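Structure file structure_4.txt (compact mmCIF, C-alpha atoms) is printed below.
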# COMPACT_ATOMS: atom_id res chain seq x y z
CA MET M 1 0.57 0.57 -37.25
CA ASN M 2 -1.52 3.45 -38.55
CA ALA M 3 -4.03 5.71 -36.86
CA SER M 4 -6.95 3.41 -37.65
CA GLU M 5 -5.43 0.69 -35.48
CA LEU M 6 -5.75 2.77 -32.32
CA ASP M 7 -9.02 0.98 -31.64
CA GLY M 8 -7.36 -2.44 -31.49
CA PRO M 9 -5.79 -4.28 -28.54
CA ARG M 10 -2.26 -3.55 -29.78
CA VAL M 11 -2.58 -0.02 -28.42
CA LYS M 12 -1.95 -1.37 -24.93
CA ARG M 13 1.39 -2.81 -25.99
CA THR M 14 2.78 -0.14 -28.29
CA VAL M 15 2.63 3.64 -28.45
CA LEU M 16 3.08 5.61 -31.63
CA GLY M 17 5.42 8.51 -32.15
CA GLN M 18 4.62 11.35 -34.51
CA GLU M 19 6.10 9.45 -37.46
CA GLY M 20 4.42 6.14 -36.67
CA ARG M 21 7.40 4.63 -34.87
CA VAL M 22 7.16 2.79 -31.58
CA VAL M 23 8.17 5.12 -28.75
CA SER M 24 10.44 3.82 -26.01
CA THR M 25 10.61 5.18 -22.45
CA SER M 26 14.39 4.85 -22.63
CA SER M 27 16.68 7.83 -23.25
CA GLU M 28 20.24 8.94 -22.63
CA LEU M 29 19.17 10.11 -19.18
CA THR M 30 17.65 6.79 -18.16
CA ARG M 31 20.57 4.84 -19.59
CA ALA M 32 22.99 6.97 -17.55
CA LEU M 33 20.84 6.53 -14.44
CA GLY M 34 20.73 2.79 -15.10
CA VAL M 35 24.51 2.58 -15.27
CA VAL M 36 24.87 4.57 -12.03
CA ALA M 37 22.25 2.38 -10.32
CA ILE M 38 23.90 -0.87 -11.40
CA VAL M 39 27.44 0.21 -10.51
CA ALA M 40 26.41 1.66 -7.14
CA SER M 41 24.34 -1.44 -6.32
CA VAL M 42 27.25 -3.77 -7.12
CA VAL M 43 29.59 -1.66 -4.98
CA LEU M 44 26.98 -1.72 -2.19
CA VAL M 45 26.76 -5.51 -2.28
CA VAL M 46 30.55 -5.86 -2.12
CA LEU M 47 30.90 -3.33 0.69
CA GLY M 48 27.89 -4.46 2.66
CA LEU M 49 28.49 -8.21 2.50
CA PHE M 50 32.23 -8.57 2.32
CA VAL M 51 34.21 -5.43 3.10
CA SER M 52 32.50 -3.53 5.92
CA PRO M 53 33.11 -4.91 9.43
CA ALA M 54 30.53 -6.60 11.61
CA ASP M 55 28.93 -4.49 14.32
CA LEU M 56 30.13 -4.83 17.89
CA PHE M 57 26.62 -5.55 19.20
CA GLN M 58 24.57 -6.67 16.18
CA GLY M 59 27.26 -8.70 14.46
CA ASP M 60 26.53 -9.48 10.81
CA ASN M 61 22.89 -8.43 11.21
CA VAL M 62 24.07 -4.86 10.71
CA ARG M 63 24.64 -5.61 7.02
CA LEU M 64 20.89 -5.26 6.41
CA PHE M 65 21.25 -1.66 7.61
CA TYR M 66 22.95 -0.67 4.35
CA LEU M 67 19.81 -1.60 2.40
CA HIS M 68 17.03 -1.19 4.95
CA VAL M 69 17.69 2.44 5.88
CA PRO M 70 18.39 3.74 2.34
CA VAL M 71 15.17 2.24 0.90
CA ALA M 72 13.23 3.67 3.85
CA ILE M 73 14.72 7.13 3.27
CA VAL M 74 13.94 7.01 -0.44
CA ALA M 75 10.37 5.78 0.10
CA LEU M 76 9.29 8.02 2.96
CA TYR M 77 11.26 11.19 2.40
CA ILE M 78 11.77 11.32 -1.36
CA ALA M 79 9.10 9.32 -3.18
CA PHE M 80 6.20 10.39 -0.99
CA THR M 81 7.44 13.97 -0.91
CA VAL M 82 7.26 13.98 -4.72
CA THR M 83 3.71 12.61 -4.42
CA LEU M 84 2.86 15.36 -1.93
CA VAL M 85 4.23 18.12 -4.16
CA GLY M 86 2.57 16.64 -7.25
CA SER M 87 -0.76 16.38 -5.42
CA VAL M 88 -0.65 19.96 -4.19
CA MET M 89 0.36 21.30 -7.60
CA PHE M 90 -2.40 19.33 -9.31
CA LEU M 91 -5.02 20.77 -6.97
CA LEU M 92 -3.66 24.27 -7.60
CA LYS M 93 -3.08 24.07 -11.34
CA GLY M 94 -5.02 21.03 -12.57
CA SER M 95 -1.97 19.94 -14.56
CA VAL M 96 -1.90 16.37 -15.88
CA PHE M 97 1.91 16.45 -15.57
CA TRP M 98 1.78 16.86 -11.79
CA ASP M 99 -0.96 14.27 -11.43
CA LEU M 100 0.97 11.63 -13.36
CA LEU M 101 4.21 12.48 -11.55
CA ALA M 102 2.51 12.08 -8.18
CA GLY M 103 1.10 8.71 -9.19
CA ALA M 104 4.41 7.46 -10.59
CA ALA M 105 6.29 8.47 -7.44
CA ALA M 106 3.69 6.75 -5.24
CA GLU M 107 3.98 3.49 -7.18
CA VAL M 108 7.76 3.39 -6.83
CA GLY M 109 7.50 4.57 -3.23
CA VAL M 110 5.16 1.72 -2.32
CA LEU M 111 7.63 -0.73 -3.85
CA PHE M 112 10.46 0.73 -1.77
CA LEU M 113 8.35 0.86 1.38
CA GLY M 114 7.42 -2.79 0.92
CA LEU M 115 11.13 -3.60 0.70
CA THR M 116 11.64 -1.55 3.86
CA LEU M 117 9.12 -3.68 5.74
CA VAL M 118 10.58 -6.94 4.45
CA THR M 119 14.18 -6.06 5.33
CA GLY M 120 13.01 -4.74 8.68
CA MET M 121 11.31 -8.04 9.48
CA LEU M 122 14.41 -9.98 8.41
CA TRP M 123 16.45 -7.82 10.77
CA GLY M 124 13.91 -8.12 13.58
CA ARG M 125 13.84 -11.93 13.69
CA PRO M 126 17.40 -12.41 15.02
CA THR M 127 17.37 -9.12 16.93
CA TRP M 128 13.98 -9.19 18.65
CA GLY M 129 13.17 -12.87 18.28
CA ALA M 130 10.14 -12.20 16.02
CA TYR M 131 9.57 -11.02 12.47
CA TRP M 132 6.95 -8.55 13.59
CA VAL M 133 6.18 -6.65 16.79
CA TRP M 134 3.68 -3.86 17.23
CA ASP M 135 6.38 -1.27 17.68
CA PRO M 136 5.33 2.36 16.99
CA ARG M 137 7.85 2.74 14.14
CA LEU M 138 6.86 -0.56 12.50
CA THR M 139 3.14 0.05 12.96
CA SER M 140 3.19 3.60 11.58
CA THR M 141 5.29 2.42 8.62
CA ALA M 142 2.76 -0.32 7.90
CA VAL M 143 -0.02 2.29 8.08
CA SER M 144 1.82 4.37 5.47
CA PHE M 145 2.11 1.32 3.26
CA VAL M 146 -1.65 0.70 3.46
CA LEU M 147 -2.48 4.39 2.92
CA TYR M 148 -0.46 4.59 -0.27
CA LEU M 149 -1.86 1.30 -1.50
CA GLY M 150 -5.25 2.96 -1.03
CA TYR M 151 -3.97 5.99 -2.95
CA LEU M 152 -3.01 3.74 -5.87
CA ALA M 153 -6.37 1.98 -5.68
CA VAL M 154 -8.20 5.32 -5.93
CA ARG M 155 -6.22 6.11 -9.08
CA LYS M 156 -7.66 2.95 -10.68
CA LEU M 157 -11.31 3.75 -9.97
CA GLU M 158 -13.69 3.83 -12.94
CA MET M 159 -14.98 7.39 -12.73
CA ASP M 160 -14.47 10.86 -14.16
CA PRO M 161 -10.68 11.26 -14.55
CA THR M 162 -10.54 14.76 -13.08
CA ALA M 163 -12.60 13.83 -10.03
CA ARG M 164 -10.54 10.68 -9.57
CA SER M 165 -7.28 12.63 -9.70
CA ARG M 166 -8.61 15.17 -7.20
CA ARG M 167 -9.56 12.45 -4.74
CA ALA M 168 -6.18 10.83 -5.17
CA ALA M 169 -4.44 14.16 -4.63
CA VAL M 170 -6.27 14.72 -1.34
CA LEU M 171 -5.29 11.23 -0.20
CA GLY M 172 -1.70 11.88 -1.29
CA ILE M 173 -1.60 14.92 0.99
CA VAL M 174 -3.28 13.14 3.90
CA GLY M 175 -0.99 10.14 3.51
CA PHE M 176 2.10 12.29 3.87
CA ALA M 177 0.93 13.38 7.32
CA ASN M 178 1.54 9.83 8.50
CA THR M 179 5.11 10.06 7.21
CA ILE M 180 5.72 12.70 9.88
CA ILE M 181 4.39 10.25 12.47
CA VAL M 182 6.80 7.59 11.17
CA LYS M 183 9.68 10.05 11.45
CA TYR M 184 9.04 10.97 15.08
CA SER M 185 7.42 7.75 16.31
CA VAL M 186 10.62 6.62 18.06
CA SER M 187 10.80 9.91 19.95
CA TRP M 188 7.09 10.19 20.77
CA TRP M 189 6.55 6.63 21.98
CA ARG M 190 8.75 4.03 23.59
CA GLY M 191 9.33 0.96 21.45
CA LEU M 192 11.83 -1.67 20.47
CA HIS M 193 13.01 0.12 17.34
CA GLN M 194 16.30 1.90 17.85
CA GLY M 195 16.52 5.66 17.59
CA SER M 196 18.25 7.60 14.87
CA THR M 197 21.67 6.12 14.09
CA LEU M 198 22.71 9.09 11.99
CA LYS M 199 22.83 12.34 13.92
CA PRO M 200 24.64 15.46 12.69
CA LEU M 201 26.79 15.80 15.81
CA ASP M 202 26.63 12.29 17.28
CA SER M 203 26.56 9.62 14.60
CA GLN M 204 26.80 6.03 15.84
CA ILE M 205 28.56 4.82 12.69
CA GLU M 206 31.74 6.04 11.05
CA GLY M 207 34.56 5.06 8.75
CA LEU M 208 33.86 2.22 6.32
CA MET M 209 30.40 1.62 7.75
CA MET M 210 29.42 5.23 7.06
CA PHE M 211 30.85 5.02 3.56
CA SER M 212 28.91 1.80 2.87
CA PHE M 213 25.74 3.49 4.06
CA PHE M 214 26.43 6.49 1.82
CA VAL M 215 26.88 4.17 -1.19
CA GLY M 216 23.58 2.50 -0.27
CA VAL M 217 21.76 5.85 -0.31
CA VAL M 218 23.28 6.78 -3.67
CA ALA M 219 22.40 3.38 -5.14
CA MET M 220 18.79 3.45 -3.96
CA MET M 221 18.31 7.05 -5.09
CA ALA M 222 19.62 6.14 -8.54
CA VAL M 223 17.32 3.11 -8.73
CA PHE M 224 14.38 5.26 -7.62
CA ALA M 225 15.14 7.97 -10.19
CA TRP M 226 15.48 5.38 -12.95
CA LEU M 227 12.18 3.73 -12.07
CA LEU M 228 10.41 7.07 -11.61
CA VAL M 229 11.40 8.42 -15.02
CA HIS M 230 10.34 5.22 -16.79
CA ARG M 231 7.04 4.98 -14.89
CA PHE M 232 6.20 8.61 -15.53
CA ARG M 233 6.95 8.33 -19.24
CA LEU M 234 4.84 5.20 -19.49
CA ALA M 235 1.94 6.95 -17.73
CA TRP M 236 2.32 9.97 -20.03
CA LEU M 237 2.28 7.82 -23.16
CA GLN M 238 -0.75 5.92 -21.90
CA TYR M 239 -2.49 9.23 -21.26
CA GLN M 240 -1.79 10.32 -24.83
CA VAL M 241 -3.14 7.02 -26.16
CA ASP M 242 -6.31 7.40 -24.08
CA GLU M 243 -6.77 10.93 -25.41
CA ARG M 244 -6.43 9.70 -29.00
CA GLN M 245 -8.89 6.89 -28.36
CA LEU M 246 -11.35 9.42 -26.95
CA GLU M 247 -10.92 11.64 -30.02
CA VAL M 248 -11.53 8.67 -32.33
CA ALA M 249 -14.65 7.66 -30.36
CA LEU M 250 -16.06 11.21 -30.45
CA ARG M 251 -15.32 11.49 -34.16
CA GLU M 252 -17.18 8.24 -34.82
CA ARG M 253 -20.16 9.37 -32.72
CA ARG M 254 -20.34 12.63 -34.64
CA SER M 255 -20.10 10.72 -37.91
CA GLU M 256 -22.90 8.39 -36.85
CA GLY M 257 -25.02 11.37 -35.81
CA SER M 258 -24.47 13.09 -39.14
CA SER M 259 -25.30 9.92 -41.08
CA SER M 260 -28.45 9.40 -39.04
CA GLY M 261 -29.53 13.01 -39.63
CA LEU M 262 -28.99 12.70 -43.38
CA ALA M 263 -30.93 9.46 -43.47
CA GLN M 264 -33.87 11.00 -41.63
CA GLY M 265 -33.74 14.03 -43.89
CA GLY M 266 -33.85 11.76 -46.92
CA ILE M 267 -36.94 10.05 -45.60

Rewrite the coordinates I just gave you, this time as structure tokens.
Amino acid sequence: MNASELDGPRVKRTVLGQEGRVVSTSSELTRALGVVAIVASVVLVVLGLFVSPADLFQGDNVRLFYLHVPVAIVALYIAFTVTLVGSVMFLLKGSVFWDLLAGAAAEVGVLFLGLTLVTGMLWGRPTWGAYWVWDPRLTSTAVSFVLYLGYLAVRKLEMDPTARSRRAAVLGIVGFANTIIVKYSVSWWRGLHQGSTLKPLDSQIEGLMMFSFFVGVVAMMAVFAWLLVHRFRLAWLQYQVDERQLEVALRERRSEGSSSGLAQGGI
């Protein structure tokens, strides 16, 4: 594909490098992250389903803990923190890098938060007798999910890109405030959701259960990092393509204007 083909539909499926080659979002970093994510996930499945013991009170339902809590930690305290930092930095510096990083982190964070809600409901059915109850922790988590869906929707609005990114950045900052509510909702209000299982001086899990949880956190962090890098690179490449399309369109408009002026001058 050459530069003249940037106007065609193929631009949405391929991105050109400087020498005309198709650019991939893969690299040695992402391949290493992928290997770590796969290995850690397999180890997590083995530990969580077959090796770790059943809980004294929850029985085998505790096995969802090794996935549910790690994805919640990654979504609320890592992904949305990256979105917060990216949003603040964009408002301060106006950097496209920070804007795209914030958006990429929010997309992956919403995916993880959705998985958090699903695994939480699967755990709640045998524990509480219902898939959903209006518990403060569940409700505030659902509010976060909706807020960040709104954030992603704002990023898709057809409007001036800079204004759109500024509005999204403000929403990214406001949305993080609800993450604090999610964190302390169990302490601030009485509900069915259990309190913190992992406390620095009084952890309720230990031994193989703690190790399985640790593997779950490592696995989900590796999956998040792998997805984040790929999503950011894809957004960056799309941004470059959009910039080239804009340059081509402006060049054509100038050419049309020059041709029109010459024609009128000839008349």

(request) Identify which of the residues M:Phe50, M:Phe112, M:Trp128, M:Phe90 lies closest to Ile173 (chain M), counting all atoms listed in the file when measuring atom-to-atom distances. (result)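 Going through M:Phe50, M:Phe112, M:Trp128, M:Phe90 one by one, the smallest distance to Ile173 (chain M) is for M:Phe90.
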
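The shortest atom-to-atom distance to Ser140 (chain M), with all atoms listed in the file taken into account, belongs to M:Val186 out of M:Leu100, M:Met159, M:Val186, M:Val46.
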
(request) Please provide as a ChimeraX atom specification all residues within 9 Å of Leu76 (chain M), with the sequence filter that same-chain residues fewer than 3 positions apart are discarded (counting only C-alpha atoms). (result) /M:71-73,79-81,109,112-113,141,144,176,179,182-183

(request) Would you mind telling me which residue in M:Ser165, M:Ser212, M:Gln238, M:Ser187 lies nearest to Ser87 (chain M) when using all atoms listed in the file? (result) M:Ser165

(message) Would you pick out the contacts of Leu147 (chain M) at 10 Å or less, using only C-alpha atoms, so that residues sharing its chain but fewer than 3 positions from it are not included, and give the list as number ranges by chain?
(response) M: 110, 141-144, 150-153, 171-172, 174-176, 178

(request) Rank nothing, just name the residue among M:Thr30, M:Ser185, M:Thr116, M:Ser95 nearest to Ala169 (chain M), using all atoms listed in the file. (result)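 Looking only at the distances to Ala169 (chain M), the closest residue turns out to be M:Ser95.
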
(request) Enter the distance from CA of Leu33 (chain M) to CA of Ala222 (chain M), in Å, rounded to one decimal. (result)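 Separation between CA of Leu33 (chain M) and CA of Ala222 (chain M): 6.0 Å.
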
(request) May I ask which of the residues M:Pro126, M:Lys93, M:Ile38, M:Leu101 is the closest one to Gly59 (chain M), counting only C-alpha atoms? (result) M:Pro126

(request) Would you mind telling me which residue in M:Leu49, M:Val96, M:Leu84, M:Val69 lies nearest to Val118 (chain M) when using all atoms listed in the file? (result) M:Val69

Would you fill the gaps in region 121-141 of chain M so it has N, CA, C and O atoms, then print it as a PDB file, keeping the file's coordinate frame?
ATOM      1  N   MET M 121      11.725  -6.788   8.839  1.00  0.00           N
ATOM      2  CA  MET M 121      11.310  -8.040   9.480  1.00  0.00           C
ATOM      3  C   MET M 121      12.465  -9.048   9.514  1.00  0.00           C
ATOM      4  O   MET M 121      12.639  -9.780  10.493  1.00  0.00           O
ATOM      5  N   LEU M 122      13.255  -9.086   8.434  1.00  0.00           N
ATOM      6  CA  LEU M 122      14.410  -9.980   8.410  1.00  0.00           C
ATOM      7  C   LEU M 122      15.437  -9.589   9.477  1.00  0.00           C
ATOM      8  O   LEU M 122      16.107 -10.446  10.066  1.00  0.00           O
ATOM      9  N   TRP M 123      15.560  -8.297   9.720  1.00  0.00           N
ATOM     10  CA  TRP M 123      16.450  -7.820  10.770  1.00  0.00           C
ATOM     11  C   TRP M 123      15.861  -8.086  12.149  1.00  0.00           C
ATOM     12  O   TRP M 123      16.576  -8.398  13.102  1.00  0.00           O
ATOM     13  N   GLY M 124      14.552  -7.970  12.287  1.00  0.00           N
ATOM     14  CA  GLY M 124      13.910  -8.120  13.580  1.00  0.00           C
ATOM     15  C   GLY M 124      13.919  -9.536  14.127  1.00  0.00           C
ATOM     16  O   GLY M 124      13.971  -9.735  15.345  1.00  0.00           O
ATOM     17  N   ARG M 125      13.891 -10.532  13.217  1.00  0.00           N
ATOM     18  CA  ARG M 125      13.840 -11.930  13.690  1.00  0.00           C
ATOM     19  C   ARG M 125      15.032 -12.297  14.563  1.00  0.00           C
ATOM     20  O   ARG M 125      14.846 -12.804  15.684  1.00  0.00           O
ATOM     21  N   PRO M 126      16.274 -12.076  14.140  1.00  0.00           N
ATOM     22  CA  PRO M 126      17.400 -12.410  15.020  1.00  0.00           C
ATOM     23  C   PRO M 126      17.629 -11.393  16.137  1.00  0.00           C
ATOM     24  O   PRO M 126      18.243 -11.710  17.158  1.00  0.00           O
ATOM     25  N   THR M 127      17.127 -10.171  15.946  1.00  0.00           N
ATOM     26  CA  THR M 127      17.370  -9.120  16.930  1.00  0.00           C
ATOM     27  C   THR M 127      16.340  -9.127  18.045  1.00  0.00           C
ATOM     28  O   THR M 127      16.678  -9.028  19.232  1.00  0.00           O
ATOM     29  N   TRP M 128      15.063  -9.217  17.679  1.00  0.00           N
ATOM     30  CA  TRP M 128      13.980  -9.190  18.650  1.00  0.00           C
ATOM     31  C   TRP M 128      13.373 -10.559  18.924  1.00  0.00           C
ATOM     32  O   TRP M 128      12.554 -10.709  19.817  1.00  0.00           O
ATOM     33  N   GLY M 129      13.730 -11.536  18.102  1.00  0.00           N
ATOM     34  CA  GLY M 129      13.170 -12.870  18.280  1.00  0.00           C
ATOM     35  C   GLY M 129      11.848 -13.064  17.560  1.00  0.00           C
ATOM     36  O   GLY M 129      11.193 -14.098  17.725  1.00  0.00           O
ATOM     37  N   ALA M 130      11.413 -12.088  16.756  1.00  0.00           N
ATOM     38  CA  ALA M 130      10.140 -12.200  16.020  1.00  0.00           C
ATOM     39  C   ALA M 130      10.244 -11.342  14.759  1.00  0.00           C
ATOM     40  O   ALA M 130      10.934 -10.317  14.741  1.00  0.00           O
ATOM     41  N   TYR M 131       9.552 -11.794  13.710  1.00  0.00           N
ATOM     42  CA  TYR M 131       9.570 -11.020  12.470  1.00  0.00           C
ATOM     43  C   TYR M 131       8.787  -9.718  12.601  1.00  0.00           C
ATOM     44  O   TYR M 131       9.094  -8.738  11.931  1.00  0.00           O
ATOM     45  N   TRP M 132       7.779  -9.741  13.481  1.00  0.00           N
ATOM     46  CA  TRP M 132       6.950  -8.550  13.590  1.00  0.00           C
ATOM     47  C   TRP M 132       6.558  -8.319  15.040  1.00  0.00           C
ATOM     48  O   TRP M 132       6.146  -9.238  15.750  1.00  0.00           O
ATOM     49  N   VAL M 133       6.674  -7.087  15.487  1.00  0.00           N
ATOM     50  CA  VAL M 133       6.180  -6.650  16.790  1.00  0.00           C
ATOM     51  C   VAL M 133       5.436  -5.344  16.561  1.00  0.00           C
ATOM     52  O   VAL M 133       5.727  -4.602  15.619  1.00  0.00           O
ATOM     53  N   TRP M 134       4.480  -5.072  17.417  1.00  0.00           N
ATOM     54  CA  TRP M 134       3.680  -3.860  17.230  1.00  0.00           C
ATOM     55  C   TRP M 134       4.384  -2.655  17.829  1.00  0.00           C
ATOM     56  O   TRP M 134       3.887  -1.973  18.724  1.00  0.00           O
ATOM     57  N   ASP M 135       5.570  -2.420  17.303  1.00  0.00           N
ATOM     58  CA  ASP M 135       6.380  -1.270  17.680  1.00  0.00           C
ATOM     59  C   ASP M 135       5.822  -0.025  16.987  1.00  0.00           C
ATOM     60  O   ASP M 135       5.318  -0.114  15.860  1.00  0.00           O
ATOM     61  N   PRO M 136       5.872   1.149  17.619  1.00  0.00           N
ATOM     62  CA  PRO M 136       5.330   2.360  16.990  1.00  0.00           C
ATOM     63  C   PRO M 136       5.926   2.649  15.607  1.00  0.00           C
ATOM     64  O   PRO M 136       5.196   3.039  14.687  1.00  0.00           O
ATOM     65  N   ARG M 137       7.238   2.462  15.431  1.00  0.00           N
ATOM     66  CA  ARG M 137       7.850   2.740  14.140  1.00  0.00           C
ATOM     67  C   ARG M 137       7.355   1.739  13.090  1.00  0.00           C
ATOM     68  O   ARG M 137       7.009   2.123  11.968  1.00  0.00           O
ATOM     69  N   LEU M 138       7.314   0.467  13.445  1.00  0.00           N
ATOM     70  CA  LEU M 138       6.860  -0.560  12.500  1.00  0.00           C
ATOM     71  C   LEU M 138       5.390  -0.367  12.151  1.00  0.00           C
ATOM     72  O   LEU M 138       4.989  -0.457  10.984  1.00  0.00           O
ATOM     73  N   THR M 139       4.575  -0.099  13.174  1.00  0.00           N
ATOM     74  CA  THR M 139       3.140   0.050  12.960  1.00  0.00           C
ATOM     75  C   THR M 139       2.827   1.259  12.088  1.00  0.00           C
ATOM     76  O   THR M 139       2.031   1.175  11.142  1.00  0.00           O
ATOM     77  N   SER M 140       3.447   2.391  12.379  1.00  0.00           N
ATOM     78  CA  SER M 140       3.190   3.600  11.580  1.00  0.00           C
ATOM     79  C   SER M 140       3.700   3.429  10.154  1.00  0.00           C
ATOM     80  O   SER M 140       3.089   3.948   9.208  1.00  0.00           O
ATOM     81  N   THR M 141       4.800   2.689   9.974  1.00  0.00           N
ATOM     82  CA  THR M 141       5.290   2.420   8.620  1.00  0.00           C
ATOM     83  C   THR M 141       4.313   1.546   7.857  1.00  0.00           C
ATOM     84  O   THR M 141       4.043   1.781   6.664  1.00  0.00           O
TER      85      THR M 141
END
